[in-house]
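Asks: Please find one structure pasted underneath; my questions will follow.
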Amino acid sequence: MSARTLSALSLLGTLIALASLPSQATPIRYDFTLTVETADACSSPSPLALPCADPGTQFFGSFTTSTDVSGLADGLYSLIPLDAWRLEIGDIVWDMNLPYPLSDFGGFRDPALGGINPGLLVSSGTVTGFLGGVYGSGDVPFVDFDSVSGPSRFRAFAGGTGLEGRYAIQAVPEPGVFGLLLMSLAAIGMFAFARSRA
């Protein structure tokens, strides 16, 4: 069998395999950045305190949801479930999938204060903001978004230290079917080239 015929059969098999993949909800990952503008009560922090961060200091978090928001109208959605949530500010970690003491996660504060999850603000088919927040056991440490300081703003508090500033969210692109197809074609091409040289 020639390398050309083998390549054509491999390509056909790849296309059939891709077409037969089950259509499942793929978790969509978002990264977010908190940028500190002000810090207060930094003089005598307790052991479970936020760091006394200088203006411009950034902290990073991420969350995933299996809900595709690309077709949703702009607005606030308070019941979109999250598959994962993680935010670290200094030694304090809010991770919904880790148990205490590995995580200080106690729950979410949503717009209706029901504690299901933070409300997600959707604009142009992507998540652009939160309304509500995340907190530890006993409500502290906490980070509130938008509802306290205004759009794209956050306020965090723990151990007598408070941080305020702005935040931004970015969707993390996932490799789609087209990307898988390109990788398959590249592999087939390399196989055909190696085979023709043998």
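Residues are named by chain letter and number: chains run A, B, ... in the order of the structure tokens, numbers start at 1 in each chain, and ligands are numbered from 1 in the order shown.
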Find the residues around A:Ala39 up to 8 Å (only C-alpha atoms counted), leave out those fewer than 4 positions away in its own chain, and share them as a count of residues only.

Replies: 8

Asks: If we count only C-alpha atoms, what is near A:Asp74 at a cut-off of 10 Å, once residues fewer than 6 positions away on the same chain are taken out, given as a list in words?

Replies: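 The residues that qualify are Leu121, Val122, Ser123, Ser124, Gly125, Thr126, Val127 and Thr128 of chain A.
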
Asks: Could you tell me which of A:Asn97, A:Thr64, A:Ser78, A:Thr26 comes closest to A:Asn117 if we count only C-alpha atoms?

Replies: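 Looking at the shortest contact to A:Asn117, the residue is A:Ser78.
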
Asks: Considering only C-alpha atoms, state which residue in the set A:Thr38, A:Ser103, A:Thr67, A:Thr57 is at the smallest distance from A:Pro141.

Replies: A:Ser103

Asks: Neighbouring residues of A:Leu34 were defined as those with any atom within 10 Å, considering only C-alpha atoms; residues of the same chain fewer than 2 positions away were excluded. Please report them as JSON, numbers by chain.

Replies: {"A": [32, 36, 37, 56, 57, 58, 59, 60, 61, 87, 89, 152, 153, 154, 155, 163, 164, 165, 166, 167, 168, 169]}

Asks: Suppose we keep N, CA, C and O atoms; can you now write the selection as a PDB file, in the first residue's frame?

Replies:
```pdb
ATOM      1  N   PHE A  32      -8.691  35.199  36.342  1.00  0.00           N
ATOM      2  CA  PHE A  32      -8.945  36.581  36.724  1.00  0.00           C
ATOM      3  C   PHE A  32      -7.800  37.128  37.551  1.00  0.00           C
ATOM      4  O   PHE A  32      -7.069  36.377  38.210  1.00  0.00           O
ATOM      5  N   VAL A  36      -4.349  45.471  43.262  1.00  0.00           N
ATOM      6  CA  VAL A  36      -4.547  46.260  44.478  1.00  0.00           C
ATOM      7  C   VAL A  36      -4.324  47.740  44.183  1.00  0.00           C
ATOM      8  O   VAL A  36      -3.367  48.114  43.499  1.00  0.00           O
ATOM      9  N   GLU A  37      -5.231  48.571  44.702  1.00  0.00           N
ATOM     10  CA  GLU A  37      -5.065  50.020  44.625  1.00  0.00           C
ATOM     11  C   GLU A  37      -4.823  50.623  46.008  1.00  0.00           C
ATOM     12  O   GLU A  37      -4.039  51.545  46.146  1.00  0.00           O
ATOM     13  N   GLY A  56      -0.708  48.262  42.890  1.00  0.00           N
ATOM     14  CA  GLY A  56      -0.179  47.614  41.693  1.00  0.00           C
ATOM     15  C   GLY A  56       0.099  46.132  41.875  1.00  0.00           C
ATOM     16  O   GLY A  56       0.289  45.412  40.889  1.00  0.00           O
ATOM     17  N   THR A  57       0.136  45.659  43.136  1.00  0.00           N
ATOM     18  CA  THR A  57       0.337  44.235  43.384  1.00  0.00           C
ATOM     19  C   THR A  57      -0.836  43.458  42.799  1.00  0.00           C
ATOM     20  O   THR A  57      -1.982  43.886  42.913  1.00  0.00           O
ATOM     21  N   GLN A  58      -0.536  42.319  42.187  1.00  0.00           N
ATOM     22  CA  GLN A  58      -1.591  41.520  41.577  1.00  0.00           C
ATOM     23  C   GLN A  58      -1.683  40.144  42.225  1.00  0.00           C
ATOM     24  O   GLN A  58      -0.674  39.559  42.611  1.00  0.00           O
ATOM     25  N   PHE A  59      -2.917  39.662  42.326  1.00  0.00           N
ATOM     26  CA  PHE A  59      -3.211  38.313  42.797  1.00  0.00           C
ATOM     27  C   PHE A  59      -4.059  37.635  41.730  1.00  0.00           C
ATOM     28  O   PHE A  59      -4.807  38.291  41.010  1.00  0.00           O
ATOM     29  N   PHE A  60      -3.930  36.292  41.650  1.00  0.00           N
ATOM     30  CA  PHE A  60      -4.523  35.583  40.527  1.00  0.00           C
ATOM     31  C   PHE A  60      -5.476  34.492  40.989  1.00  0.00           C
ATOM     32  O   PHE A  60      -5.254  33.849  42.007  1.00  0.00           O
ATOM     33  N   GLY A  61      -6.513  34.304  40.201  1.00  0.00           N
ATOM     34  CA  GLY A  61      -7.489  33.262  40.465  1.00  0.00           C
ATOM     35  C   GLY A  61      -7.992  32.680  39.158  1.00  0.00           C
ATOM     36  O   GLY A  61      -7.662  33.163  38.070  1.00  0.00           O
ATOM     37  N   LEU A  87      -8.669  31.076  44.280  1.00  0.00           N
ATOM     38  CA  LEU A  87      -8.083  32.402  44.403  1.00  0.00           C
ATOM     39  C   LEU A  87      -7.095  32.357  45.558  1.00  0.00           C
ATOM     40  O   LEU A  87      -7.401  31.818  46.621  1.00  0.00           O
ATOM     41  N   ILE A  89      -4.557  34.874  47.828  1.00  0.00           N
ATOM     42  CA  ILE A  89      -4.047  36.190  48.211  1.00  0.00           C
ATOM     43  C   ILE A  89      -3.106  35.948  49.384  1.00  0.00           C
ATOM     44  O   ILE A  89      -3.549  35.657  50.493  1.00  0.00           O
ATOM     45  N   SER A 152     -16.392  45.999  38.282  1.00  0.00           N
ATOM     46  CA  SER A 152     -14.994  45.589  38.109  1.00  0.00           C
ATOM     47  C   SER A 152     -14.119  45.967  39.304  1.00  0.00           C
ATOM     48  O   SER A 152     -12.913  46.167  39.163  1.00  0.00           O
ATOM     49  N   ARG A 153     -14.715  46.037  40.478  1.00  0.00           N
ATOM     50  CA  ARG A 153     -13.984  46.374  41.706  1.00  0.00           C
ATOM     51  C   ARG A 153     -14.102  45.216  42.694  1.00  0.00           C
ATOM     52  O   ARG A 153     -15.029  44.420  42.640  1.00  0.00           O
ATOM     53  N   PHE A 154     -13.132  45.123  43.600  1.00  0.00           N
ATOM     54  CA  PHE A 154     -13.179  44.111  44.660  1.00  0.00           C
ATOM     55  C   PHE A 154     -12.783  44.733  45.985  1.00  0.00           C
ATOM     56  O   PHE A 154     -12.125  45.774  46.033  1.00  0.00           O
ATOM     57  N   ARG A 155     -13.192  44.078  47.052  1.00  0.00           N
ATOM     58  CA  ARG A 155     -12.767  44.419  48.413  1.00  0.00           C
ATOM     59  C   ARG A 155     -12.524  43.111  49.123  1.00  0.00           C
ATOM     60  O   ARG A 155     -13.380  42.226  49.139  1.00  0.00           O
ATOM     61  N   LEU A 163      -7.988  45.051  51.543  1.00  0.00           N
ATOM     62  CA  LEU A 163      -7.430  45.405  50.240  1.00  0.00           C
ATOM     63  C   LEU A 163      -8.580  45.796  49.317  1.00  0.00           C
ATOM     64  O   LEU A 163      -9.635  45.169  49.354  1.00  0.00           O
ATOM     65  N   GLU A 164      -8.344  46.819  48.517  1.00  0.00           N
ATOM     66  CA  GLU A 164      -9.335  47.219  47.523  1.00  0.00           C
ATOM     67  C   GLU A 164      -8.639  47.464  46.197  1.00  0.00           C
ATOM     68  O   GLU A 164      -7.463  47.827  46.160  1.00  0.00           O
ATOM     69  N   GLY A 165      -9.404  47.275  45.123  1.00  0.00           N
ATOM     70  CA  GLY A 165      -8.844  47.537  43.808  1.00  0.00           C
ATOM     71  C   GLY A 165      -9.782  47.114  42.712  1.00  0.00           C
ATOM     72  O   GLY A 165     -10.990  47.041  42.896  1.00  0.00           O
ATOM     73  N   ARG A 166      -9.208  46.791  41.570  1.00  0.00           N
ATOM     74  CA  ARG A 166     -10.003  46.403  40.406  1.00  0.00           C
ATOM     75  C   ARG A 166      -9.628  44.976  40.005  1.00  0.00           C
ATOM     76  O   ARG A 166      -8.583  44.464  40.390  1.00  0.00           O
ATOM     77  N   TYR A 167     -10.504  44.375  39.232  1.00  0.00           N
ATOM     78  CA  TYR A 167     -10.218  43.028  38.737  1.00  0.00           C
ATOM     79  C   TYR A 167     -10.641  42.920  37.280  1.00  0.00           C
ATOM     80  O   TYR A 167     -11.425  43.729  36.779  1.00  0.00           O
ATOM     81  N   ALA A 168     -10.086  41.921  36.605  1.00  0.00           N
ATOM     82  CA  ALA A 168     -10.417  41.657  35.203  1.00  0.00           C
ATOM     83  C   ALA A 168     -10.443  40.152  34.979  1.00  0.00           C
ATOM     84  O   ALA A 168      -9.663  39.419  35.588  1.00  0.00           O
ATOM     85  N   ILE A 169     -11.349  39.710  34.122  1.00  0.00           N
ATOM     86  CA  ILE A 169     -11.539  38.288  33.818  1.00  0.00           C
ATOM     87  C   ILE A 169     -11.230  38.048  32.345  1.00  0.00           C
ATOM     88  O   ILE A 169     -11.590  38.854  31.494  1.00  0.00           O
TER      89      ILE A 169
END
```

Asks: Quick one: of A:Ala158, A:Asp139, A:Val172, A:Ser70, who's nearest to A:Asp40, counting only C-alpha atoms?

Replies: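 Closest residue, counting only C-alpha atoms: A:Ala158.
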
Asks: As JSON, numbers by chain, please: the residues near A:Leu82 (cut-off 12 Å, only C-alpha atoms, same-chain neighbours under 4 positions excluded).

Replies: {"A": [27, 28, 29, 30, 62, 63, 64, 65, 66, 67, 68, 77, 78, 86, 95, 96, 97, 107, 108, 116, 117, 118, 119, 120]}

Asks: Could you tell me how far atom CA of A:Ala156 sits from atom CA of A:Gly90, in Å to one decimal place?

Replies: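 Answer for the atom CA of A:Gly90 to atom CA of A:Ala156 separation: 11.8 Å.
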
Asks: Tell me which of A:Ala41, A:Ile92, A:Leu50, A:Leu79 sits closest to A:Leu131, counting only C-alpha atoms.

Replies: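 Closest to A:Leu131 of all the choices is A:Leu79.
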
Asks: Which residues in stretch 143-176 of chain A does DSSP call strand (DSSP E)? List them as an MDAnalysis selection string.

Replies: chainID A and resid 143:145 153:158 161:172

Asks: Please indicate the distance in Å from atom CA of A:Gly133 to atom CA of A:Phe145, rounded to one decimal place.

Replies: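 It comes out at 5.6 Å.
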